[in-house]
$ cat structure_8.cif   # mmCIF, C-alpha atoms and all ligand atoms
data_data
#
loop_
_atom_site.label_atom_id
_atom_site.label_comp_id
_atom_site.auth_asym_id
_atom_site.auth_seq_id
_atom_site.Cartn_x
_atom_site.Cartn_y
_atom_site.Cartn_z
CA MET A 1 36.93 227.89 120.61
CA SER A 2 39.61 225.62 121.99
CA ARG A 3 40.98 222.45 120.51
CA ILE A 4 39.13 219.25 121.41
CA HIS A 5 41.56 216.46 122.23
CA TYR A 6 40.62 212.89 121.49
CA THR A 7 41.39 211.68 124.99
CA LYS A 8 42.56 212.98 128.34
CA PRO A 9 42.80 211.16 131.65
CA SER A 10 40.72 212.13 134.67
CA VAL A 11 43.19 212.57 137.52
CA GLY A 12 42.24 214.64 140.56
CA GLU A 13 42.43 215.18 144.30
CA LEU A 14 42.28 211.54 145.33
CA GLU A 15 45.12 210.52 143.02
CA ALA A 16 47.18 213.50 144.22
CA ARG A 17 46.59 212.58 147.86
CA TYR A 18 47.70 208.96 147.40
CA VAL A 19 50.74 209.90 145.30
CA LEU A 20 51.84 212.44 147.87
CA ASP A 21 51.57 209.76 150.54
CA ALA A 22 53.53 207.35 148.36
CA VAL A 23 56.24 209.95 147.71
CA GLN A 24 56.53 210.88 151.36
CA ASN A 25 56.10 207.49 153.01
CA GLY A 26 56.19 204.72 150.43
CA TRP A 27 59.81 203.70 150.74
CA GLY A 28 61.83 201.10 152.59
CA GLU A 29 59.61 198.38 153.93
CA ARG A 30 56.51 200.24 152.68
CA CYS A 31 57.74 200.40 149.07
CA TYR A 32 55.22 197.80 147.82
CA GLU A 33 52.13 198.93 149.76
CA TYR A 34 50.31 200.69 146.94
CA ILE A 35 51.36 198.03 144.43
CA THR A 36 49.87 195.25 146.55
CA ARG A 37 46.73 197.28 147.21
CA PHE A 38 46.34 198.14 143.52
CA GLU A 39 46.71 194.51 142.47
CA LYS A 40 44.23 193.33 145.09
CA ASN A 41 41.59 195.99 144.35
CA PHE A 42 41.91 195.66 140.58
CA ALA A 43 41.63 191.86 140.76
CA GLN A 44 38.56 192.23 142.95
CA HIS A 45 36.95 194.63 140.49
CA MET A 46 37.65 192.26 137.59
CA GLY A 47 36.46 189.22 139.51
CA VAL A 48 39.75 187.31 139.28
CA PRO A 49 41.88 185.91 142.10
CA TYR A 50 45.32 186.93 140.77
CA ALA A 51 46.81 190.13 139.38
CA ILE A 52 50.33 191.42 138.77
CA ALA A 53 50.93 195.12 138.11
CA THR A 54 53.31 195.77 135.22
CA SER A 55 54.97 198.72 133.52
CA SER A 56 52.77 198.24 130.44
CA CYS A 57 50.21 196.03 128.78
CA THR A 58 52.91 195.08 126.28
CA GLY A 59 54.99 193.74 129.18
CA ALA A 60 52.02 191.87 130.67
CA LEU A 61 51.36 190.21 127.31
CA HIS A 62 55.04 189.37 126.84
CA MET A 63 55.34 187.68 130.24
CA GLY A 64 51.99 185.92 130.01
CA MET A 65 52.80 184.48 126.61
CA ALA A 66 56.26 183.43 127.79
CA ALA A 67 54.66 181.70 130.77
CA LEU A 68 52.34 179.81 128.39
CA GLY A 69 55.46 178.48 126.71
CA ILE A 70 55.05 180.37 123.45
CA GLY A 71 58.37 180.47 121.64
CA ALA A 72 60.30 180.12 118.40
CA GLY A 73 58.35 178.45 115.60
CA ASP A 74 54.97 178.85 117.31
CA GLU A 75 52.01 180.74 115.88
CA VAL A 76 49.54 182.99 117.67
CA ILE A 77 46.31 183.92 115.90
CA LEU A 78 44.95 187.44 116.26
CA ALA A 79 42.87 189.93 114.31
CA ASP A 80 44.47 191.88 111.49
CA THR A 81 42.70 195.00 112.82
CA ASN A 82 44.86 195.87 115.83
CA TRP A 83 47.38 198.12 117.45
CA ILE A 84 50.89 196.74 117.08
CA ALA A 85 51.31 196.34 120.87
CA SER A 86 49.20 193.17 120.68
CA ALA A 87 51.42 191.60 118.01
CA ALA A 88 54.87 192.81 119.07
CA PRO A 89 55.23 190.55 122.17
CA ILE A 90 54.56 187.50 119.97
CA THR A 91 57.56 188.45 117.85
CA TYR A 92 59.71 189.13 120.96
CA LEU A 93 59.32 185.42 121.76
CA GLY A 94 60.36 184.38 118.26
CA ALA A 95 56.82 183.27 117.45
CA THR A 96 54.78 184.34 114.44
CA PRO A 97 51.60 186.42 114.62
CA VAL A 98 48.97 185.07 112.23
CA PHE A 99 46.49 187.73 111.19
CA VAL A 100 42.91 186.86 110.37
CA ASP A 101 39.98 188.99 109.34
CA VAL A 102 37.50 190.69 111.65
CA LEU A 103 33.72 190.71 111.78
CA PRO A 104 32.16 193.72 110.06
CA ASP A 105 30.03 194.69 113.08
CA SER A 106 32.32 194.19 116.11
CA TRP A 107 35.61 194.84 114.23
CA CYS A 108 36.98 191.97 116.38
CA LEU A 109 38.32 188.51 115.56
CA ASP A 110 36.07 186.40 113.29
CA PRO A 111 35.86 182.97 115.00
CA GLU A 112 35.39 181.13 111.68
CA GLN A 113 38.59 182.70 110.34
CA VAL A 114 40.37 181.68 113.54
CA ARG A 115 39.29 178.08 113.07
CA ARG A 116 40.55 178.09 109.49
CA ALA A 117 43.93 179.54 110.52
CA ILE A 118 44.75 176.85 113.07
CA THR A 119 47.81 174.74 112.19
CA PRO A 120 49.89 172.23 114.17
CA ARG A 121 52.08 175.20 115.15
CA THR A 122 49.26 177.26 116.64
CA LYS A 123 49.96 177.87 120.33
CA ALA A 124 47.30 180.41 121.34
CA ILE A 125 44.46 182.65 120.22
CA LEU A 126 44.76 186.31 121.15
CA ALA A 127 41.37 187.98 121.55
CA VAL A 128 41.65 191.77 121.53
CA HIS A 129 38.51 193.62 122.60
CA LEU A 130 38.82 196.50 120.17
CA TYR A 131 37.70 199.98 121.29
CA GLY A 132 35.75 198.32 124.14
CA ASN A 133 33.83 196.02 121.75
CA LEU A 134 33.71 192.40 122.85
CA CYS A 135 35.15 189.50 120.90
CA ASP A 136 32.71 186.59 120.58
CA MET A 137 34.10 184.85 123.65
CA ASP A 138 31.62 181.95 123.52
CA ALA A 139 32.83 180.96 120.07
CA LEU A 140 36.52 181.61 120.77
CA LEU A 141 36.55 179.70 124.07
CA ALA A 142 34.74 176.80 122.36
CA ILE A 143 37.40 176.72 119.62
CA GLY A 144 40.09 176.92 122.30
CA ARG A 145 38.59 173.91 124.09
CA GLU A 146 38.17 171.96 120.87
CA PHE A 147 41.80 172.41 119.81
CA GLY A 148 43.37 172.61 123.27
CA LEU A 149 44.50 176.20 122.76
CA PRO A 150 44.59 178.93 125.40
CA VAL A 151 42.58 182.07 124.61
CA ILE A 152 44.43 185.17 125.75
CA GLU A 153 42.52 188.43 126.22
CA ASP A 154 44.09 191.78 125.45
CA ALA A 155 41.63 193.91 127.40
CA ALA A 156 43.69 197.13 127.23
CA GLU A 157 40.73 198.91 125.64
CA ALA A 158 38.04 197.04 127.53
CA VAL A 159 37.97 198.29 131.11
CA GLY A 160 34.24 198.37 131.86
CA SER A 161 33.36 195.85 129.14
CA GLN A 162 31.62 192.62 130.12
CA TRP A 163 30.69 189.36 128.42
CA ARG A 164 27.67 187.65 130.00
CA GLY A 165 28.29 189.59 133.19
CA GLN A 166 31.98 188.71 133.40
CA ALA A 167 34.66 191.37 133.02
CA ALA A 168 36.56 191.39 129.73
CA GLY A 169 39.99 190.04 130.55
CA SER A 170 38.70 187.55 133.13
CA LEU A 171 37.44 184.85 130.76
CA GLY A 172 40.53 183.47 129.04
CA ALA A 173 43.80 181.91 130.17
CA PHE A 174 44.92 185.39 131.18
CA GLY A 175 44.00 189.00 130.54
CA ALA A 176 46.23 192.03 129.98
CA PHE A 177 45.31 195.65 130.66
CA SER A 178 46.92 199.00 129.89
CA PHE A 179 46.95 202.11 132.05
CA HIS A 180 48.56 204.34 129.47
CA GLY A 181 47.33 207.93 129.65
CA THR A 182 44.92 207.41 126.76
CA LYS A 183 43.05 204.53 128.40
CA THR A 184 39.87 204.57 130.52
CA MET A 185 41.89 204.36 133.72
CA THR A 186 45.50 205.43 133.92
CA THR A 187 48.67 205.33 135.97
CA GLY A 188 50.61 207.37 133.39
CA GLU A 189 52.18 204.26 131.97
CA GLY A 190 51.33 200.87 133.34
CA GLY A 191 49.55 197.59 132.90
CA MET A 192 48.16 194.53 134.64
CA PHE A 193 48.32 190.79 134.15
CA VAL A 194 45.26 188.97 135.52
CA THR A 195 44.40 185.28 135.68
CA SER A 196 42.38 182.66 137.55
CA ASP A 197 45.08 180.04 136.96
CA LYS A 198 47.27 179.74 140.06
CA ALA A 199 50.08 177.90 138.28
CA LEU A 200 50.20 180.48 135.49
CA TYR A 201 50.16 183.27 138.06
CA ASP A 202 53.10 181.70 139.90
CA ARG A 203 55.07 181.38 136.66
CA VAL A 204 54.46 185.02 135.67
CA LEU A 205 55.28 186.18 139.20
CA THR A 206 58.65 184.42 138.99
CA LEU A 207 59.26 185.69 135.44
CA SER A 208 58.41 189.23 136.57
CA ASN A 209 61.06 189.02 139.25
CA HIS A 210 63.96 188.20 136.91
CA GLY A 211 63.35 184.50 137.34
CA ARG A 212 63.60 184.50 141.10
CA VAL A 213 61.10 182.20 142.79
CA ALA A 214 58.99 183.95 145.44
CA GLY A 215 59.96 182.88 148.95
CA SER A 216 63.25 181.37 147.88
CA SER A 217 65.77 181.34 150.71
CA LYS A 218 68.71 181.87 148.38
CA GLN A 219 69.30 185.59 147.78
CA PHE A 220 69.92 187.04 144.30
CA TRP A 221 69.39 183.63 142.76
CA PRO A 222 67.46 183.54 139.47
CA ASP A 223 66.46 180.02 138.44
CA PHE A 224 65.97 181.14 134.84
CA LEU A 225 65.92 184.23 132.68
CA GLY A 226 62.98 186.48 133.44
CA PHE A 227 61.84 190.01 132.80
CA LYS A 228 61.71 193.41 134.45
CA TYR A 229 58.30 194.94 133.73
CA LYS A 230 57.42 196.26 137.16
CA MET A 231 55.20 199.12 138.15
CA SER A 232 56.45 201.62 140.70
CA ASN A 233 54.68 202.28 144.00
CA LEU A 234 54.11 205.89 142.88
CA GLN A 235 52.21 204.81 139.77
CA ALA A 236 50.31 202.23 141.79
CA ALA A 237 49.16 205.02 144.13
CA VAL A 238 47.48 206.67 141.12
CA GLY A 239 46.07 203.27 140.20
CA VAL A 240 44.54 202.70 143.63
CA ALA A 241 42.67 206.00 143.32
CA GLN A 242 41.57 205.18 139.77
CA VAL A 243 40.15 201.81 140.86
CA GLU A 244 38.21 203.58 143.64
CA ARG A 245 36.77 205.83 140.92
CA ILE A 246 36.39 203.15 138.27
CA GLY A 247 32.59 203.11 138.32
CA GLU A 248 32.51 206.85 137.72
CA LEU A 249 35.13 206.60 134.94
CA ILE A 250 33.22 203.86 133.11
CA ASP A 251 29.83 205.55 133.55
CA ARG A 252 31.20 208.70 131.95
CA LYS A 253 32.59 206.76 128.97
CA ARG A 254 29.19 205.16 128.50
CA ALA A 255 27.35 208.48 128.83
CA ILE A 256 29.58 210.12 126.22
CA PHE A 257 28.99 207.25 123.81
CA LYS A 258 25.22 207.36 124.41
CA HIS A 259 25.14 211.07 123.65
CA TYR A 260 26.99 210.51 120.35
CA ALA A 261 24.86 207.51 119.42
CA GLU A 262 21.58 209.31 120.05
CA ALA A 263 22.66 212.37 118.11
CA LEU A 264 23.92 210.35 115.13
CA GLU A 265 21.12 207.77 115.06
CA ALA A 266 19.07 209.72 112.53
CA LEU A 267 21.91 209.92 110.01
CA PRO A 268 21.87 207.24 107.30
CA GLY A 269 24.73 204.86 106.63
CA LEU A 270 26.61 205.07 109.94
CA SER A 271 27.47 202.31 112.36
CA MET A 272 29.09 202.62 115.76
CA ASN A 273 30.48 200.32 118.48
CA PRO A 274 27.94 197.53 119.01
CA GLU A 275 26.62 196.31 122.34
CA PRO A 276 25.04 192.86 121.94
CA VAL A 277 22.37 191.96 124.51
CA HIS A 278 24.68 189.60 126.40
CA ALA A 279 27.52 192.13 126.57
CA ARG A 280 28.29 195.48 128.10
CA ASN A 281 30.58 197.82 126.19
CA GLY A 282 32.99 200.02 128.16
CA TYR A 283 33.09 202.27 125.07
CA TRP A 284 36.72 203.25 125.47
CA MET A 285 36.75 204.77 122.00
CA PRO A 286 33.53 205.82 120.25
CA THR A 287 34.04 204.97 116.60
CA VAL A 288 31.99 205.61 113.49
CA VAL A 289 32.17 203.50 110.34
CA PHE A 290 30.53 204.93 107.21
CA ASP A 291 28.82 202.81 104.58
CA ARG A 292 30.90 202.70 101.42
CA GLU A 293 28.09 204.31 99.40
CA LEU A 294 28.42 207.55 101.36
CA GLY A 295 31.84 208.12 99.86
CA ILE A 296 33.15 209.51 103.15
CA THR A 297 36.83 208.65 103.27
CA ARG A 298 39.51 208.81 105.91
CA ASP A 299 41.11 211.81 104.21
CA LEU A 300 37.82 213.72 104.09
CA LEU A 301 37.21 212.94 107.76
CA ILE A 302 40.66 214.04 108.86
CA ALA A 303 40.37 217.30 106.90
CA ALA A 304 36.90 218.07 108.27
CA PHE A 305 37.92 217.46 111.88
CA GLN A 306 41.15 219.40 111.47
CA ALA A 307 39.22 222.38 110.11
CA ALA A 308 37.02 222.27 113.23
CA ASP A 309 40.08 222.05 115.52
CA ILE A 310 39.13 218.58 116.76
CA ASP A 311 41.51 215.63 117.24
CA ALA A 312 40.06 212.60 115.61
CA ARG A 313 42.03 209.41 115.29
CA VAL A 314 42.20 207.16 112.30
CA PHE A 315 40.94 203.59 112.69
CA PHE A 316 43.77 201.06 113.18
CA TRP A 317 45.64 200.15 110.01
CA PRO A 318 45.61 196.41 109.33
CA LEU A 319 48.75 194.94 110.86
CA SER A 320 49.37 193.10 107.58
CA SER A 321 49.76 196.51 105.88
CA LEU A 322 52.67 197.55 108.13
CA PRO A 323 56.25 197.38 106.86
CA MET A 324 57.45 194.79 109.41
CA PHE A 325 54.75 192.34 108.34
CA SER A 326 54.93 193.07 104.62
CA ASP A 327 55.90 189.49 103.79
CA MET A 328 52.46 188.27 104.82
CA VAL A 329 49.74 187.91 102.24
CA PRO A 330 46.70 189.65 103.64
CA GLU A 331 43.43 187.76 103.38
CA SER A 332 41.37 190.18 105.36
CA PRO A 333 39.14 192.33 103.18
CA VAL A 334 37.11 193.65 106.12
CA ALA A 335 40.19 194.72 108.08
CA HIS A 336 41.49 196.47 104.97
CA SER A 337 38.21 198.18 104.16
CA LEU A 338 37.30 199.58 107.60
CA PRO A 339 40.07 202.18 108.06
CA GLU A 340 39.29 203.72 104.68
CA ARG A 341 35.91 204.91 105.96
CA ALA A 342 36.04 205.17 109.75
CA ILE A 343 37.08 207.55 112.49
CA ASN A 344 37.55 207.50 116.30
CA LEU A 345 35.69 210.29 118.06
CA PRO A 346 37.03 212.24 121.03
CA SER A 347 35.94 210.86 124.41
CA TYR A 348 37.27 211.92 127.78
CA HIS A 349 35.87 212.31 131.26
CA ASP A 350 35.65 216.11 131.37
CA MET A 351 34.31 216.51 127.86
CA THR A 352 31.38 218.94 127.80
CA ASP A 353 28.10 218.63 125.91
CA ASP A 354 29.25 221.59 123.84
CA ASP A 355 32.43 219.74 122.87
CA GLN A 356 30.33 216.78 121.77
CA ARG A 357 27.99 219.07 119.84
CA ARG A 358 30.96 220.35 117.83
CA VAL A 359 32.02 216.80 116.96
CA ILE A 360 28.48 215.82 116.03
CA GLU A 361 28.11 218.88 113.82
CA VAL A 362 31.18 217.91 111.76
CA LEU A 363 29.73 214.46 111.11
CA ARG A 364 26.24 215.76 110.37
CA THR A 365 27.58 218.24 107.84
CA LEU A 366 29.68 215.58 106.13
CA VAL A 367 26.83 213.11 105.84
CA LEU A 368 24.02 215.49 104.96
CA LYS A 369 25.92 217.71 102.54
CA GLY A 370 27.46 214.67 100.96
CA THR A 371 30.87 214.54 99.43
CA ARG A 372 29.93 215.12 95.82
CA PRO A 373 30.17 218.64 94.43
C1 LIG A 401 47.14 200.51 124.47
C2 LIG A 401 47.10 199.11 124.03
C3 LIG A 401 48.15 198.23 124.26
C4 LIG A 401 49.47 198.68 124.79
O1 LIG A 401 49.42 199.11 126.06
P1 LIG A 401 50.80 199.64 126.72
O2 LIG A 401 50.43 199.79 128.15
O3 LIG A 401 51.10 200.92 126.04
O4 LIG A 401 51.82 198.61 126.48
C5 LIG A 401 48.01 196.90 123.94
N1 LIG A 401 46.90 196.45 123.36
C6 LIG A 401 45.86 197.27 123.08
C7 LIG A 401 44.64 196.69 122.47
C8 LIG A 401 45.94 198.63 123.38
O5 LIG A 401 44.94 199.44 123.08
#
$ encode --input "structure_8.cif" --output "structure tokens"
Amino acid sequence: MSRIHYTKPSVGELEARYVLDAVQNGWGERCYEYITRFEKNFAQHMGVPYAIATSSCTGALHMGMAALGIGAGDEVILADTNWIASAAPITYLGATPVFVDVLPDSWCLDPEQVRRAITPRTKAILAVHLYGNLCDMDALLAIGREFGLPVIEDAAEAVGSQWRGQAAGSLGAFGAFSFHGTKTMTTGEGGMFVTSDKALYDRVLTLSNHGRVAGSSKQFWPDFLGFKYKMSNLQAAVGVAQVERIGELIDRKRAIFKHYAEALEALPGLSMNPEPVHARNGYWMPTVVFDRELGITRDLLIAAFQAADIDARVFFWPLSSLPMFSDMVPESPVAHSLPERAINLPSYHDMTDDDQRRVIEVLRTLVLKGTRP
């Protein structure tokens, strides 16, 4: 029996063909061809007019927030349950991330907590679609309108997720995606900034070019300090292939989740990634949360999966529990309770039914045998 990894990208012939072409021909005046194609095709898939390929989602968030004018003394509200990449760019700009609690079913931002956290310093709301689950965009966009605050979407984990038929990442002021090797589609490392706001797009485009305005006649002339978060043409070649295969990549994620969900349905006290009727979940990361009464803890889960030679990932630690944010007083009981009794399950394109059976067996044994001696 071989080790089951929690995630692996699906990269094949098509990607190899495009990369080879990019390596052999994509230089000189053709050095942006795949980048332009990738941006255009990705934007089309997401249903937005503008996209800028970046070296990471972190970079896309950093530039987008800078373009919104977020800076020293400002506050950005986001969920306490998150990967640090969502919060770090806020701090790069000298602003303060304000962590609020999550909803117990979606594990995403609780709109009522957002409302309560708004102060005169609040500059934006950052909606992160965790593990493919959708934030309540109706409520968040309504709060944004009421208080005149942009809602930013970190859709790094939400390729394939939709809210009322619209792609996650296309609903707010801007969306940011990640193509890190663990994500549903990959370019190795990489990201994308998307928006429907032409003025914001123009600002980020200039920022992304070290502050040089597109079409300026003056060479090597930055008008202000910008950034360098560009994607290479070689990575974009992989991205073009991945966008051509995106339907297949998403379908597989959904099929893997469905298989888990059906097999685990009969077990008591488990909940998994929700899919409300008006949403579609891209199911980047199938996740199980155990009712407290079961007594199944993170440590028990890690030990059981390790014994079965399966990679399982712990649920995100609350950001307010991390050393760099230790001065904040956490008021997020849900965010603090979830990781104590939850686990991410392996999910990757080429996973076999047998692999899934092994994962399911570990969970079934834990739940049915119980944890008490
Ligand atoms: C992966 C991830 C990021 C970071 O993406 P990079 O491309 O590694 O910068 C940001 N936000 C979320 C929610 C992620 O899952």
$ residues_near_ligand --input "structure_8.cif" --ligand "ligand LIG 401 (chain A)" --cutoff "7 Å" --atoms "all atoms listed in the file" --output "ChimeraX atom specification"
/A:56-59,82-83,85-86,128-130,154-157,178-180,183,189-191
$ closest_residue --input "structure_8.cif" --among "A:Ala214, A:Val98, A:Leu234, A:Ala176" --to "Asn25 (chain A)" --atoms "only C-alpha atoms"
A:Leu234
$ closest_residue --input "structure_8.cif" --among "A:Val76, A:Ser170, A:Asp138, A:Met65" --to "Ile125 (chain A)" --atoms "all atoms listed in the file"
A:Val76
$ residues_near_point --input "structure_8.cif" --point "(39.7, 191.6, 112.8)" --cutoff "6 Å" --atoms "all atoms listed in the file" --output "number ranges by chain"
A: 79-81, 101-102, 107-109, 335
$ closest_residue --input "structure_8.cif" --among "A:Arg116, A:Arg358, A:Arg292, A:His259" --to "Ala304 (chain A)" --atoms "all atoms listed in the file"
A:Arg358
$ residues_around --input "structure_8.cif" --residues "Asp110 (chain A)" --least-positions-apart "3" --cutoff "10 Å" --atoms "all atoms listed in the file" --output "list in words"
Leu78, Ala79, Val100, Asp101, Val102, Leu103, Pro104, Ser106, Trp107, Gln113, Val114, Arg115, Ala127, Cys135, Asp136, Ala139 and Leu140 of chain A
$ atom_distance --input "structure_8.cif" --atom1 "CA of Asp74 (chain A)" --atom2 "CA of Phe174 (chain A)"
18.3 Å
$ residues_around --input "structure_8.cif" --residues "Leu68 (chain A)" --least-positions-apart "6" --cutoff "10 Å" --atoms "all atoms listed in the file" --output "mmCIF file with C-alpha atoms, in the frame of the given file"
data_model
loop_
_atom_site.group_PDB
_atom_site.id
_atom_site.type_symbol
_atom_site.label_atom_id
_atom_site.label_comp_id
_atom_site.auth_asym_id
_atom_site.auth_seq_id
_atom_site.Cartn_x
_atom_site.Cartn_y
_atom_site.Cartn_z
ATOM 1 C CA LYS A 123 49.960 177.870 120.330
ATOM 2 C CA ALA A 124 47.300 180.410 121.340
ATOM 3 C CA PRO A 150 44.590 178.930 125.400
ATOM 4 C CA ILE A 152 44.430 185.170 125.750
ATOM 5 C CA ALA A 173 43.800 181.910 130.170
ATOM 6 C CA PHE A 174 44.920 185.390 131.180
ATOM 7 C CA LEU A 200 50.200 180.480 135.490
ATOM 8 C CA ARG A 203 55.070 181.380 136.660
ATOM 9 C CA VAL A 204 54.460 185.020 135.670
#
$ closest_residue --input "structure_8.cif" --among "A:Thr119, A:Ser216, A:Asn41, A:Ser196" --to "Arg245 (chain A)" --atoms "all atoms listed in the file"
A:Asn41
$ build_atoms --input "structure_8.cif" --residues "region 273-290 of chain A" --atoms "N, CA, C and O atoms" --output "compact mmCIF listing (two decimals), keeping the file's coordinate frame"
# COMPACT_ATOMS: atom_id res chain seq x y z
N ASN A 273 30.15 201.47 117.62
CA ASN A 273 30.48 200.32 118.48
C ASN A 273 29.21 199.59 118.89
O ASN A 273 28.31 200.21 119.45
N PRO A 274 29.14 198.28 118.65
CA PRO A 274 27.94 197.53 119.01
C PRO A 274 27.94 197.12 120.48
O PRO A 274 29.00 197.05 121.12
N GLU A 275 26.76 196.87 120.99
CA GLU A 275 26.62 196.31 122.34
C GLU A 275 25.57 195.21 122.29
O GLU A 275 24.39 195.47 122.49
N PRO A 276 25.99 193.98 122.00
CA PRO A 276 25.04 192.86 121.94
C PRO A 276 24.33 192.69 123.28
O PRO A 276 24.87 193.11 124.31
N VAL A 277 23.16 192.06 123.27
CA VAL A 277 22.37 191.96 124.51
C VAL A 277 23.12 191.29 125.66
O VAL A 277 22.92 191.63 126.81
N HIS A 278 23.98 190.33 125.34
CA HIS A 278 24.68 189.60 126.40
C HIS A 278 26.02 190.25 126.76
O HIS A 278 26.84 189.64 127.44
N ALA A 279 26.25 191.47 126.28
CA ALA A 279 27.52 192.13 126.57
C ALA A 279 27.28 193.55 127.09
O ALA A 279 26.21 194.12 126.92
N ARG A 280 28.30 194.07 127.76
CA ARG A 280 28.29 195.48 128.10
C ARG A 280 29.57 196.07 127.53
O ARG A 280 30.65 195.51 127.71
N ASN A 281 29.43 197.19 126.83
CA ASN A 281 30.58 197.82 126.19
C ASN A 281 31.11 198.95 127.07
O ASN A 281 30.33 199.80 127.50
N GLY A 282 32.39 198.94 127.37
CA GLY A 282 32.99 200.02 128.16
C GLY A 282 33.22 201.27 127.32
O GLY A 282 33.59 202.31 127.86
N TYR A 283 33.02 201.15 126.01
CA TYR A 283 33.09 202.27 125.07
C TYR A 283 34.33 203.13 125.28
O TYR A 283 34.25 204.36 125.36
N TRP A 284 35.49 202.48 125.32
CA TRP A 284 36.72 203.25 125.47
C TRP A 284 36.83 204.30 124.36
O TRP A 284 37.15 205.45 124.61
N MET A 285 36.55 203.87 123.13
CA MET A 285 36.75 204.77 122.00
C MET A 285 35.53 204.75 121.08
O MET A 285 35.36 203.81 120.31
N PRO A 286 34.67 205.77 121.17
CA PRO A 286 33.53 205.82 120.25
C PRO A 286 34.04 205.91 118.82
O PRO A 286 34.92 206.72 118.52
N THR A 287 33.53 205.06 117.97
CA THR A 287 34.04 204.97 116.60
C THR A 287 32.87 204.92 115.62
O THR A 287 31.87 204.26 115.89
N VAL A 288 33.03 205.62 114.52
CA VAL A 288 31.99 205.61 113.49
C VAL A 288 32.57 205.00 112.22
O VAL A 288 33.66 205.37 111.78
N VAL A 289 31.82 204.06 111.65
CA VAL A 289 32.17 203.50 110.34
C VAL A 289 31.08 203.92 109.36
O VAL A 289 29.88 203.80 109.66
N PHE A 290 31.48 204.43 108.21
CA PHE A 290 30.53 204.93 107.21
C PHE A 290 30.34 203.89 106.10
O PHE A 290 31.30 203.29 105.65
